[in-house]
Amino acid sequence: MIAGASWVWWVGFHAVVALLLLADSLLPGHKSEARHSQLFAWLWTGFLVLASAGFAAWIDMKEGHQTALEWVGGYAIETSLSVDNLFVFLVIFQGFRINTQRQHRALTWGVMGAIVLRAGFILAGVTLLERFDWITWIFGAFLLYAAFRLVRGGSAKAAIPEWIRKLQPAKGSLLPVILAIEVTDVLFATDSIPAVLAISHNPFVVYTSNIAAVLGLRSLYFALASLLDRFRYLHYGLGALLGFVAFKMLAAHWVDVPITLSLAIMGAILAVCAVASMMVGAQGSGIRDQGSGG
């Protein structure tokens with residue numbers, strides 16, 4: 001056993017991740033025109049979600065419902081909070097004036113680097129929680145601050161560090177772009193990993209759910225790139241999500257929130273956020289249409 005799972009599970013998981021990264025880099029949609037490229041991105045994102053669901057089902061069969069639900073909870077939290085990363089990617093690529101084809105390459109390297117960095121973060125977080133119970137309070141307080149920062153910002157873009165907004169165009173090299181992606185991934189991981197640790201302390205569950213979500217981040221960016229500005233209430237939804245997870249972590253000594261209830265609450269928060277954003281977006285489109293018709 002290695003950190004909660006046999007070495008066969010660890011090797012098997014990383015072998016599948018390597019195959020998916022290879023397949024991702026060879027997808028024909030990367031060289032297609034923009035409309036077709038977005039369609040491929042949606043299809044690949046859907047495939048990765050189905051693959052993640054299959055992995056959760058496998059965990060359910062091998063380890064039971066509780067562990068599987070913890071995995072789903074970790075995957076849902078990381079995927080939701082990763083939407084913030086998409087805004088950062090958009091600003092980085094605009095700042096460096098990177099075309100779509102080079103964006104694919106930069107994000108592929110960024111995902112591979114994120115896998116290594118996340119492993120270190122998760123190992124440190126799990127070790128601290130196992131040895132020092134009071135770390136829970138620090139993680140909880142940090143998540144509350146992260147929630148406040150998101151809500152106060154007024155938008156998800158407002159939470160982007162100022163130094164990213166001032167990026168200068170690169171001169172042919174993707175290295176500055178990849179480094180910027182890795183640094184921002186570390187910044188956002190300080191929010192998302194403590195949030196996942198509030199759901200489970202199992203290193204295998206936390207790590208694999210985290211990596212599964214990060215693995216789909218690249219294709220999700222290209223699927224949603226033209227729609228990001230429509231998520232007007234995203235920051236409120238993510239702030240509420242972090243606030244709930246912080247409460248779950250801080251109140252763990254007195255209140256045991258079942259994982260099924262946690263998933264229901266997180267789903268409700270994200271659903272309200274999405275519906276409100278779509279309704280406001282539809283009203284805005286109607287007003288513009290009326291204005292142009294007059």
# chains A, B, ... in the order shown; residues from 1 in each chain; ligands from 1
>>> residues_around(residues="stretch 265-268 of chain A", least_positions_apart="5", cutoff="10 Å", atoms="only C-alpha atoms", output="list of chain:residue names")
A:Gly73, A:Ala76, A:Ile77, A:Ser80, A:Gly237, A:Leu238, A:Ala240, A:Leu241, A:Leu242, A:Phe244, A:Val245, A:Ile259, A:Thr260, A:Cys273, A:Ala274
>>> write_last_selection(atoms="all heavy atoms", output="compact mmCIF listing (two decimals), in the first residue's frame")
# COMPACT_ATOMS: atom_id res chain seq x y z
N GLY A 73 -17.04 14.21 -4.98
CA GLY A 73 -17.02 15.53 -4.35
C GLY A 73 -15.74 16.28 -4.64
O GLY A 73 -15.77 17.48 -4.96
N ALA A 76 -15.77 17.38 -8.30
CA ALA A 76 -16.70 18.48 -8.53
C ALA A 76 -16.14 19.80 -8.02
O ALA A 76 -16.23 20.84 -8.69
CB ALA A 76 -18.04 18.18 -7.84
N ILE A 77 -15.53 19.79 -6.83
CA ILE A 77 -14.96 21.02 -6.27
C ILE A 77 -13.82 21.52 -7.15
O ILE A 77 -13.76 22.70 -7.51
CB ILE A 77 -14.46 20.77 -4.84
CG1 ILE A 77 -15.64 20.63 -3.87
CG2 ILE A 77 -13.55 21.91 -4.37
CD1 ILE A 77 -15.24 20.32 -2.46
N SER A 80 -15.09 22.89 -10.52
CA SER A 80 -15.78 24.16 -10.35
C SER A 80 -14.80 25.30 -10.12
O SER A 80 -14.88 26.36 -10.76
CB SER A 80 -16.76 24.08 -9.18
OG SER A 80 -17.69 23.04 -9.37
N GLY A 237 -20.98 32.32 -7.01
CA GLY A 237 -21.15 30.89 -6.85
C GLY A 237 -19.93 30.22 -6.26
O GLY A 237 -20.02 29.40 -5.34
N LEU A 238 -18.74 30.58 -6.79
CA LEU A 238 -17.50 29.98 -6.29
C LEU A 238 -17.22 30.45 -4.86
O LEU A 238 -16.71 29.68 -4.03
CB LEU A 238 -16.33 30.35 -7.19
CG LEU A 238 -16.41 29.80 -8.63
CD1 LEU A 238 -15.18 30.22 -9.43
CD2 LEU A 238 -16.54 28.29 -8.63
N ALA A 240 -19.53 31.23 -2.62
CA ALA A 240 -20.44 30.46 -1.76
C ALA A 240 -19.95 29.03 -1.59
O ALA A 240 -20.05 28.44 -0.51
CB ALA A 240 -21.85 30.49 -2.35
N LEU A 241 -19.41 28.45 -2.67
CA LEU A 241 -18.89 27.09 -2.61
C LEU A 241 -17.74 27.00 -1.62
O LEU A 241 -17.70 26.10 -0.76
CB LEU A 241 -18.43 26.65 -4.00
CG LEU A 241 -17.93 25.22 -4.15
CD1 LEU A 241 -19.05 24.24 -3.86
CD2 LEU A 241 -17.39 25.00 -5.55
N LEU A 242 -16.79 27.93 -1.71
CA LEU A 242 -15.67 27.94 -0.78
C LEU A 242 -16.13 28.21 0.65
O LEU A 242 -15.60 27.64 1.61
CB LEU A 242 -14.65 29.00 -1.20
CG LEU A 242 -13.77 28.66 -2.40
CD1 LEU A 242 -12.88 29.85 -2.76
CD2 LEU A 242 -12.91 27.44 -2.12
N PHE A 244 -19.02 27.37 1.98
CA PHE A 244 -19.62 26.13 2.50
C PHE A 244 -18.54 25.13 2.90
O PHE A 244 -18.62 24.50 3.96
CB PHE A 244 -20.56 25.51 1.46
CG PHE A 244 -20.96 24.10 1.78
CD1 PHE A 244 -21.80 23.84 2.85
CD2 PHE A 244 -20.46 23.03 1.04
CE1 PHE A 244 -22.16 22.53 3.17
CE2 PHE A 244 -20.80 21.73 1.35
CZ PHE A 244 -21.66 21.48 2.42
N VAL A 245 -17.53 24.97 2.05
CA VAL A 245 -16.46 24.01 2.35
C VAL A 245 -15.69 24.45 3.59
O VAL A 245 -15.29 23.62 4.42
CB VAL A 245 -15.51 23.87 1.14
CG1 VAL A 245 -14.32 23.01 1.50
CG2 VAL A 245 -16.26 23.27 -0.05
N ILE A 259 -21.56 13.25 3.01
CA ILE A 259 -21.04 13.58 1.70
C ILE A 259 -22.15 13.77 0.68
O ILE A 259 -22.06 14.60 -0.24
CB ILE A 259 -20.04 12.49 1.23
CG1 ILE A 259 -19.37 12.89 -0.07
CG2 ILE A 259 -20.73 11.16 1.10
CD1 ILE A 259 -18.52 14.12 0.01
N THR A 260 -23.25 13.01 0.82
CA THR A 260 -24.37 13.16 -0.11
C THR A 260 -25.00 14.55 0.01
O THR A 260 -25.35 15.18 -0.99
CB THR A 260 -25.44 12.09 0.14
OG1 THR A 260 -25.76 12.07 1.54
CG2 THR A 260 -24.94 10.71 -0.28
N CYS A 273 -26.07 29.65 -9.66
CA CYS A 273 -25.12 30.55 -10.30
C CYS A 273 -25.27 30.50 -11.82
O CYS A 273 -25.31 31.54 -12.50
CB CYS A 273 -23.69 30.16 -9.89
SG CYS A 273 -22.39 30.94 -10.85
N ALA A 274 -25.35 29.29 -12.39
CA ALA A 274 -25.45 29.13 -13.85
C ALA A 274 -26.77 29.69 -14.37
O ALA A 274 -26.79 30.40 -15.39
CB ALA A 274 -25.31 27.65 -14.21
>>> closest_residue(among="A:Ala114, A:Val8, A:Ile98, A:Met61", to="A:Thr184", atoms="only C-alpha atoms")
A:Ala114
>>> atom_distance(atom1="atom CA of A:Ser82", atom2="atom CA of A:Val280")
22.7 Å
>>> residues_around(residues="stretch 132-140 of chain A", least_positions_apart="4", cutoff="7 Å", atoms="only C-alpha atoms", output="number ranges by chain")
A: 128, 144, 194, 246, 249-250
>>> residues_around(residues="A:Val16", least_positions_apart="2", cutoff="12 Å", atoms="only C-alpha atoms", output="ChimeraX atom specification")
/A:9-14,18-23,48,51-52,55,208,211-212,215
>>> write_last_selection(atoms="C-alpha atoms", output="tab-separated table (two decimals), in the first residue's frame")
chain	number	residue	atom	x	y	z
A	9	TRP	CA	-3.57	1.46	-8.70
A	10	TRP	CA	-1.06	4.30	-8.71
A	11	VAL	CA	0.80	2.97	-11.74
A	12	GLY	CA	-2.43	2.19	-13.57
A	13	PHE	CA	-3.87	5.65	-12.94
A	14	HIS	CA	-0.74	7.42	-14.22
A	18	ALA	CA	-0.29	9.53	-19.90
A	19	LEU	CA	-2.40	7.89	-22.62
A	20	LEU	CA	-5.08	10.58	-22.35
A	21	LEU	CA	-2.48	13.36	-22.58
A	22	LEU	CA	-1.00	11.70	-25.67
A	23	ALA	CA	-4.42	11.29	-27.28
A	48	LEU	CA	-13.14	12.97	-20.12
A	51	ALA	CA	-14.04	8.56	-18.19
A	52	SER	CA	-14.04	10.22	-14.75
A	55	PHE	CA	-13.32	5.74	-12.64
A	208	THR	CA	-6.75	11.30	-8.49
A	211	ILE	CA	-5.71	15.31	-11.51
A	212	ALA	CA	-8.84	14.07	-13.29
A	215	LEU	CA	-6.80	16.82	-17.08
>>> closest_residue(among="A:Val17, A:Val206, A:Ala147, A:Val49", to="A:Val111", atoms="only C-alpha atoms")
A:Val17
>>> residues_around(residues="A:Asn210", least_positions_apart="5", cutoff="10 Å", atoms="only C-alpha atoms", output="NGL selection string")
:A and (71 or 74-79 or 115 or 118-119 or 122 or 189 or 192-193 or 196 or 204-205 or 215)
>>> select_by_dssp(residues="stretch 27-276 of chain A", states="alpha helix (DSSP H)", output="ChimeraX atom specification")
/A:34-63,65-96,100-131,135-153,162-165,175-197,203-215,217-224,234-250,259-276
>>> closest_residue(among="A:Gly64, A:Pro258, A:Phe121, A:His201", to="A:Asp185", atoms="only C-alpha atoms")
A:Phe121
>>> atom_distance(atom1="atom CA of A:Leu197", atom2="atom CA of A:Val214")
16.1 Å
>>> residues_around(residues="A:Gly239", least_positions_apart="5", cutoff="10 Å", atoms="only C-alpha atoms", output="list in words")
Leu81, Leu143, Leu144, Tyr145, Ala146, Ala147, Phe148, Arg149, Leu150, Val151, Arg152, Ala156, Tyr233, Leu234, Phe244, Val245 and Ile269 of chain A
>>> write_last_selection(atoms="C-alpha atoms", output="JSON list (two decimals), in the first residue's frame")
[["chain", "number", "residue", "atom", "x", "y", "z"],
["A", 81, "LEU", "CA", -12.90, 26.14, -8.88],
["A", 143, "LEU", "CA", -10.89, 29.18, 2.54],
["A", 144, "LEU", "CA", -13.10, 31.82, 4.18],
["A", 145, "TYR", "CA", -10.64, 34.50, 3.08],
["A", 146, "ALA", "CA", -10.58, 33.05, -0.45],
["A", 147, "ALA", "CA", -14.40, 33.15, -0.53],
["A", 148, "PHE", "CA", -14.40, 36.79, 0.65],
["A", 149, "ARG", "CA", -11.79, 37.70, -1.97],
["A", 150, "LEU", "CA", -13.91, 36.22, -4.76],
["A", 151, "VAL", "CA", -17.15, 37.91, -3.70],
["A", 152, "ARG", "CA", -15.46, 41.26, -3.03],
["A", 156, "ALA", "CA", -14.00, 36.27, -11.53],
["A", 233, "TYR", "CA", -22.27, 35.51, -11.25],
["A", 234, "LEU", "CA", -19.51, 32.92, -11.31],
["A", 244, "PHE", "CA", -19.62, 26.13, 2.50],
["A", 245, "VAL", "CA", -16.46, 24.01, 2.35],
["A", 269, "ILE", "CA", -24.98, 26.51, -5.50]]
>>> atom_distance(atom1="atom CA of A:Leu43", atom2="atom CA of A:Leu220")
9.9 Å
>>> residues_around(residues="A:Phe89", least_positions_apart="2", cutoff="10 Å", atoms="only C-alpha atoms", output="ChimeraX atom specification")
/A:84-87,91-95,103,107,164,177,180-181,184-185,218,221,225
>>> write_last_selection(atoms="N, CA and C atoms", output="PDB file, in the first residue's frame")
ATOM      1  N   ASP A  84     -12.095  29.381 -12.652  1.00  0.00           N
ATOM      2  CA  ASP A  84     -11.332  30.622 -12.446  1.00  0.00           C
ATOM      3  C   ASP A  84     -10.042  30.608 -13.257  1.00  0.00           C
ATOM      4  N   ASN A  85      -9.405  29.442 -13.327  1.00  0.00           N
ATOM      5  CA  ASN A  85      -8.171  29.325 -14.107  1.00  0.00           C
ATOM      6  C   ASN A  85      -8.397  29.680 -15.565  1.00  0.00           C
ATOM      7  N   LEU A  86      -9.590  29.401 -16.081  1.00  0.00           N
ATOM      8  CA  LEU A  86      -9.861  29.668 -17.490  1.00  0.00           C
ATOM      9  C   LEU A  86      -9.767  31.155 -17.802  1.00  0.00           C
ATOM     10  N   PHE A  87     -10.241  31.990 -16.870  1.00  0.00           N
ATOM     11  CA  PHE A  87     -10.119  33.429 -17.059  1.00  0.00           C
ATOM     12  C   PHE A  87      -8.654  33.847 -17.086  1.00  0.00           C
ATOM     13  N   VAL A  91      -6.500  35.708 -20.157  1.00  0.00           N
ATOM     14  CA  VAL A  91      -5.707  36.937 -20.009  1.00  0.00           C
ATOM     15  C   VAL A  91      -4.255  36.697 -20.408  1.00  0.00           C
ATOM     16  N   ILE A  92      -3.691  35.549 -20.010  1.00  0.00           N
ATOM     17  CA  ILE A  92      -2.306  35.230 -20.352  1.00  0.00           C
ATOM     18  C   ILE A  92      -2.125  35.156 -21.864  1.00  0.00           C
ATOM     19  N   PHE A  93      -3.005  34.449 -22.537  1.00  0.00           N
ATOM     20  CA  PHE A  93      -2.867  34.274 -23.984  1.00  0.00           C
ATOM     21  C   PHE A  93      -3.079  35.589 -24.733  1.00  0.00           C
ATOM     22  N   GLN A  94      -3.998  36.408 -24.224  1.00  0.00           N
ATOM     23  CA  GLN A  94      -4.188  37.717 -24.843  1.00  0.00           C
ATOM     24  C   GLN A  94      -2.966  38.596 -24.624  1.00  0.00           C
ATOM     25  N   GLY A  95      -2.398  38.535 -23.409  1.00  0.00           N
ATOM     26  CA  GLY A  95      -1.228  39.356 -23.107  1.00  0.00           C
ATOM     27  C   GLY A  95      -0.018  38.969 -23.930  1.00  0.00           C
ATOM     28  N   GLN A 103      -1.617  27.865 -28.161  1.00  0.00           N
ATOM     29  CA  GLN A 103      -2.306  27.757 -26.885  1.00  0.00           C
ATOM     30  C   GLN A 103      -2.468  26.292 -26.482  1.00  0.00           C
ATOM     31  N   LEU A 107      -0.872  24.786 -23.028  1.00  0.00           N
ATOM     32  CA  LEU A 107      -1.728  24.201 -22.004  1.00  0.00           C
ATOM     33  C   LEU A 107      -1.412  22.728 -21.775  1.00  0.00           C
ATOM     34  N   ILE A 164      -0.353  39.546 -13.774  1.00  0.00           N
ATOM     35  CA  ILE A 164      -0.746  38.806 -14.972  1.00  0.00           C
ATOM     36  C   ILE A 164      -1.331  39.758 -16.008  1.00  0.00           C
ATOM     37  N   VAL A 177       5.087  31.806 -21.168  1.00  0.00           N
ATOM     38  CA  VAL A 177       3.662  31.493 -21.083  1.00  0.00           C
ATOM     39  C   VAL A 177       3.439  30.302 -20.158  1.00  0.00           C
ATOM     40  N   ALA A 180       4.038  31.216 -16.579  1.00  0.00           N
ATOM     41  CA  ALA A 180       2.915  31.992 -16.051  1.00  0.00           C
ATOM     42  C   ALA A 180       1.749  31.088 -15.705  1.00  0.00           C
ATOM     43  N   ILE A 181       1.486  30.087 -16.559  1.00  0.00           N
ATOM     44  CA  ILE A 181       0.408  29.130 -16.294  1.00  0.00           C
ATOM     45  C   ILE A 181       0.691  28.344 -15.024  1.00  0.00           C
ATOM     46  N   THR A 184       0.303  30.558 -11.821  1.00  0.00           N
ATOM     47  CA  THR A 184      -1.100  30.807 -11.488  1.00  0.00           C
ATOM     48  C   THR A 184      -1.792  29.530 -11.023  1.00  0.00           C
ATOM     49  N   ASP A 185      -1.384  28.376 -11.550  1.00  0.00           N
ATOM     50  CA  ASP A 185      -1.959  27.116 -11.081  1.00  0.00           C
ATOM     51  C   ASP A 185      -1.621  26.901  -9.614  1.00  0.00           C
ATOM     52  N   ARG A 218      -7.815  21.771 -19.977  1.00  0.00           N
ATOM     53  CA  ARG A 218      -7.359  22.313 -21.253  1.00  0.00           C
ATOM     54  C   ARG A 218      -8.486  22.318 -22.294  1.00  0.00           C
ATOM     55  N   TYR A 221     -11.240  24.803 -21.499  1.00  0.00           N
ATOM     56  CA  TYR A 221     -10.906  26.180 -21.868  1.00  0.00           C
ATOM     57  C   TYR A 221     -11.323  26.472 -23.303  1.00  0.00           C
ATOM     58  N   ALA A 225     -14.126  29.144 -24.174  1.00  0.00           N
ATOM     59  CA  ALA A 225     -13.375  30.393 -24.375  1.00  0.00           C
ATOM     60  C   ALA A 225     -14.264  31.541 -24.834  1.00  0.00           C
TER      61      ALA A 225
END
